[in-house]
$ cat structure-v2.txt   # compact mmCIF, C-alpha atoms
# COMPACT_ATOMS: atom_id res chain seq x y z
CA MET A 286 0.00 0.00 0.00
CA ALA A 287 2.64 2.51 0.99
CA ARG A 288 5.17 1.34 -1.55
CA LYS A 289 6.58 3.35 -4.40
CA ASN A 290 3.71 2.42 -6.72
CA GLY A 291 1.15 1.53 -4.03
CA VAL A 292 -2.42 2.76 -3.79
CA LEU A 293 -1.75 5.37 -1.11
CA THR A 294 1.25 6.75 -3.00
CA GLN A 295 -0.86 7.08 -6.14
CA ILE A 296 -3.60 8.89 -4.21
CA ASN A 297 -0.97 11.18 -2.72
CA ASP A 298 0.45 11.95 -6.17
CA LEU A 299 -2.88 12.43 -7.93
CA TRP A 300 -4.77 14.40 -5.31
CA LEU A 301 -2.54 15.97 -2.68
CA ARG A 302 0.35 17.19 -4.81
CA ALA A 303 -1.94 18.36 -7.60
CA ALA A 304 -4.30 20.26 -5.28
CA PRO A 305 -4.24 24.07 -5.28
CA LYS A 306 -2.54 25.75 -2.31
CA ASP A 307 -5.75 26.99 -0.72
CA GLY A 308 -7.37 23.50 -0.83
CA LYS A 309 -4.36 21.43 0.18
CA ARG A 310 -5.33 21.44 3.84
CA ASP A 311 -8.79 20.00 3.16
CA VAL A 312 -7.46 17.45 0.64
CA GLY A 313 -4.68 16.43 3.07
CA GLN A 314 -7.19 15.80 5.86
CA ARG A 315 -9.33 13.66 3.55
CA VAL A 316 -6.31 11.70 2.29
CA ASN A 317 -5.18 11.06 5.89
CA ALA A 318 -8.71 9.93 6.85
CA LEU A 319 -8.73 7.55 3.87
CA LYS A 320 -5.28 6.28 4.82
CA THR A 321 -6.31 5.49 8.42
CA THR A 322 -9.51 3.78 7.19
CA VAL A 323 -7.54 1.57 4.80
CA GLU A 324 -4.93 0.70 7.45
CA GLU A 325 -7.65 -0.22 9.99
CA TYR A 326 -9.33 -2.47 7.43
CA VAL A 327 -6.03 -4.18 6.65
CA GLN A 328 -5.29 -4.72 10.37
CA LYS A 329 -8.76 -6.25 10.88
CA SER A 330 -8.40 -8.62 7.93
CA ARG A 331 -4.84 -9.80 8.73
CA PRO A 332 -5.81 -12.48 11.32
CA SER A 333 -8.22 -14.15 8.90
CA VAL A 334 -5.59 -14.17 6.14
CA SER A 335 -2.90 -15.75 8.33
CA ALA A 336 -5.37 -18.36 9.64
CA THR A 337 -6.13 -19.59 6.13
CA ALA A 338 -2.49 -19.71 5.08
CA MET A 339 -1.87 -23.15 6.66
CA PRO A 340 -4.59 -25.70 5.89
CA ARG A 341 -6.05 -27.51 8.86
CA GLY A 342 -5.67 -31.25 9.07
CA VAL A 343 -2.10 -31.47 7.84
CA SER A 344 -0.20 -33.65 10.26
CA ALA A 345 3.21 -32.31 11.19
CA LYS A 346 4.01 -35.50 13.13
CA ALA A 347 4.34 -38.17 10.49
CA GLU A 348 6.74 -40.83 9.38
CA VAL A 349 9.62 -39.81 7.17
CA GLY A 350 8.30 -39.40 3.64
CA VAL A 351 4.63 -39.94 4.53
CA VAL A 352 2.21 -37.06 5.01
CA LYS A 353 -1.45 -37.26 6.00
CA ALA A 354 -3.40 -34.42 4.48
CA TYR A 355 -6.98 -33.48 5.37
CA GLY A 356 -7.60 -36.72 7.24
CA GLU A 357 -7.38 -38.82 4.07
CA ARG A 358 -5.14 -41.76 3.27
CA PRO A 359 -1.39 -41.18 3.70
CA ILE A 360 0.60 -39.85 0.77
CA ASP A 361 4.09 -41.25 0.22
CA ILE A 362 6.16 -38.31 -0.99
CA THR A 363 9.22 -40.49 -1.60
CA LEU A 364 7.66 -42.20 -4.65
CA PRO A 365 9.16 -41.20 -7.98
CA GLY A 366 7.27 -38.61 -9.96
CA ILE A 367 5.95 -38.76 -13.50
CA ARG A 368 8.66 -38.22 -16.07
CA ARG A 369 7.77 -35.84 -18.83
CA PRO A 370 9.15 -36.50 -22.31
CA LEU A 371 12.05 -34.29 -23.28
CA GLY A 372 12.17 -32.46 -26.58
CA ALA A 373 9.71 -32.68 -29.43
CA GLU A 374 8.89 -35.19 -32.12
CA HIS A 375 10.66 -34.70 -35.45
CA PRO A 376 8.30 -33.25 -38.11
CA ILE A 377 8.82 -36.19 -40.50
CA ILE A 378 8.13 -38.75 -37.76
CA LYS A 379 5.11 -36.74 -36.66
CA THR A 380 3.72 -36.66 -40.22
CA MET A 381 4.40 -40.38 -40.64
CA ASN A 382 2.54 -41.16 -37.40
CA GLU A 383 -0.41 -39.02 -38.51
CA MET A 384 -0.55 -40.89 -41.83
CA VAL A 385 -0.42 -44.24 -40.04
CA SER A 386 -3.28 -43.20 -37.75
CA VAL A 387 -5.38 -42.12 -40.77
CA PHE A 388 -4.89 -45.49 -42.46
CA ARG A 389 -5.58 -47.36 -39.21
CA ASN A 390 -8.85 -45.42 -38.86
CA LEU A 391 -9.75 -46.50 -42.41
CA GLY A 392 -9.29 -50.14 -41.38
CA TYR A 393 -5.84 -50.90 -42.74
CA SER A 394 -3.19 -52.69 -40.70
CA ILE A 395 0.47 -51.75 -40.64
CA GLU A 396 3.08 -54.39 -41.38
CA GLU A 397 6.72 -53.76 -40.70
CA GLY A 398 9.66 -55.53 -42.23
CA PRO A 399 12.77 -54.96 -44.29
CA GLU A 400 12.40 -52.50 -47.17
CA ILE A 401 14.44 -54.75 -49.50
CA GLU A 402 14.00 -58.51 -49.32
CA THR A 403 16.93 -60.85 -49.69
CA ASP A 404 17.73 -62.82 -52.84
CA TYR A 405 16.52 -65.97 -51.18
CA TYR A 406 12.97 -64.68 -50.56
CA ASN A 407 12.67 -63.03 -53.98
CA PHE A 408 14.08 -65.77 -56.22
CA GLU A 409 15.54 -68.93 -54.69
CA SER A 410 12.50 -69.80 -52.56
CA LEU A 411 10.32 -69.38 -55.68
CA ASN A 412 12.59 -71.76 -57.65
CA PHE A 413 13.83 -69.18 -60.13
CA PRO A 414 16.97 -70.49 -61.86
CA PRO A 415 20.21 -68.52 -61.36
CA ASN A 416 20.21 -67.25 -64.97
CA HIS A 417 16.53 -66.14 -65.01
CA PRO A 418 15.94 -62.69 -66.65
CA ALA A 419 14.05 -61.45 -63.54
CA ARG A 420 17.31 -61.55 -61.59
CA ASP A 421 18.89 -58.83 -63.78
$ encode --input "structure-v2.txt" --output "structure tokens"
Amino acid sequence: MARKNGVLTQINDLWLRAAPKDGKRDVGQRVNALKTTVEEYVQKSRPSVSATAMPRGVSAKAEVGVVKAYGERPIDITLPGIRRPLGAEHPIIKTMNEMVSVFRNLGYSIEEGPEIETDYYNFESLNFPPNHPARD
């Protein structure tokens, strides 16, 4: 309130300093009355603010790493937290995953395997002779 850019400082700057000389006494009395009213209100509301700062029901006497809050089941604060993924997905991988999800939604299934099959699977297992023109 009484800080450099507080409410009372702003009132002081706007009203008291800008008032004409003959009205400064009246304005000063009103500003002081306002200031005392605000300070009384703050003093009255302070106990209720400090009482709500610490929630009731939190047990200060607890086992190491276990806290009982609000009369509920104990919370083990020594458990590991949830790890968040670091970084972001590469744009090409992201686009590929979106395309896969579109095709899956259309009913297709995704098969994974080598991009180029070996000579055995392409020719020998199908009984192509070694000098067959398809092997060129």
$ atom_distance --input "structure-v2.txt" --atom1 "CA of Pro418 in chain A" --atom2 "CA of Glu402 in chain A"
17.9 Å
$ atom_distance --input "structure-v2.txt" --atom1 "CA of Gly313 in chain A" --atom2 "CA of Leu301 in chain A"
6.2 Å
$ atom_distance --input "structure-v2.txt" --atom1 "CA of Asn297 in chain A" --atom2 "CA of Leu319 in chain A"
10.8 Å
$ residues_around --input "structure-v2.txt" --residues "Asp421 in chain A" --least-positions-apart "5" --cutoff "12 Å" --atoms "only C-alpha atoms" --output "PyMOL selection string"
chain A and resi 404+408+414-416
$ build_atoms --input "structure-v2.txt" --residues "range 308-327 of chain A" --atoms "N, CA and C atoms" --output "mmCIF file, in the frame of the given file"
data_model
loop_
_atom_site.group_PDB
_atom_site.id
_atom_site.type_symbol
_atom_site.label_atom_id
_atom_site.label_comp_id
_atom_site.auth_asym_id
_atom_site.auth_seq_id
_atom_site.Cartn_x
_atom_site.Cartn_y
_atom_site.Cartn_z
ATOM 1 N N GLY A 308 -6.592 24.703 -1.139
ATOM 2 C CA GLY A 308 -7.370 23.500 -0.830
ATOM 3 C C GLY A 308 -6.543 22.334 -0.349
ATOM 4 N N LYS A 309 -5.231 22.541 -0.225
ATOM 5 C CA LYS A 309 -4.360 21.430 0.180
ATOM 6 C C LYS A 309 -4.668 20.941 1.588
ATOM 7 N N ARG A 310 -5.056 21.837 2.466
ATOM 8 C CA ARG A 310 -5.330 21.440 3.840
ATOM 9 C C ARG A 310 -6.537 20.495 3.892
ATOM 10 N N ASP A 311 -7.588 20.835 3.190
ATOM 11 C CA ASP A 311 -8.790 20.000 3.160
ATOM 12 C C ASP A 311 -8.516 18.653 2.479
ATOM 13 N N VAL A 312 -7.793 18.689 1.356
ATOM 14 C CA VAL A 312 -7.460 17.450 0.640
ATOM 15 C C VAL A 312 -6.551 16.584 1.503
ATOM 16 N N GLY A 313 -5.589 17.175 2.200
ATOM 17 C CA GLY A 313 -4.680 16.430 3.070
ATOM 18 C C GLY A 313 -5.423 15.728 4.189
ATOM 19 N N GLN A 314 -6.408 16.423 4.796
ATOM 20 C CA GLN A 314 -7.190 15.800 5.860
ATOM 21 C C GLN A 314 -7.988 14.607 5.329
ATOM 22 N N ARG A 315 -8.557 14.765 4.136
ATOM 23 C CA ARG A 315 -9.330 13.660 3.550
ATOM 24 C C ARG A 315 -8.431 12.475 3.169
ATOM 25 N N VAL A 316 -7.250 12.770 2.636
ATOM 26 C CA VAL A 316 -6.310 11.700 2.290
ATOM 27 C C VAL A 316 -5.867 10.966 3.546
ATOM 28 N N ASN A 317 -5.582 11.693 4.627
ATOM 29 C CA ASN A 317 -5.180 11.060 5.890
ATOM 30 C C ASN A 317 -6.321 10.216 6.468
ATOM 31 N N ALA A 318 -7.562 10.704 6.363
ATOM 32 C CA ALA A 318 -8.710 9.930 6.850
ATOM 33 C C ALA A 318 -8.852 8.633 6.034
ATOM 34 N N LEU A 319 -8.662 8.734 4.726
ATOM 35 C CA LEU A 319 -8.730 7.550 3.870
ATOM 36 C C LEU A 319 -7.609 6.569 4.224
ATOM 37 N N LYS A 320 -6.429 7.113 4.479
ATOM 38 C CA LYS A 320 -5.280 6.280 4.820
ATOM 39 C C LYS A 320 -5.525 5.515 6.112
ATOM 40 N N THR A 321 -6.034 6.174 7.143
ATOM 41 C CA THR A 321 -6.310 5.490 8.420
ATOM 42 C C THR A 321 -7.415 4.446 8.249
ATOM 43 N N THR A 322 -8.430 4.750 7.434
ATOM 44 C CA THR A 322 -9.510 3.780 7.190
ATOM 45 C C THR A 322 -8.966 2.523 6.518
ATOM 46 N N VAL A 323 -8.122 2.706 5.518
ATOM 47 C CA VAL A 323 -7.540 1.570 4.800
ATOM 48 C C VAL A 323 -6.642 0.759 5.739
ATOM 49 N N GLU A 324 -5.819 1.411 6.537
ATOM 50 C CA GLU A 324 -4.930 0.700 7.450
ATOM 51 C C GLU A 324 -5.708 -0.072 8.511
ATOM 52 N N GLU A 325 -6.816 0.498 9.021
ATOM 53 C CA GLU A 325 -7.650 -0.220 9.990
ATOM 54 C C GLU A 325 -8.264 -1.464 9.356
ATOM 55 N N TYR A 326 -8.729 -1.326 8.131
ATOM 56 C CA TYR A 326 -9.330 -2.470 7.430
ATOM 57 C C TYR A 326 -8.304 -3.579 7.215
ATOM 58 N N VAL A 327 -7.088 -3.187 6.865
ATOM 59 C CA VAL A 327 -6.030 -4.180 6.650
ATOM 60 C C VAL A 327 -5.696 -4.876 7.967
#
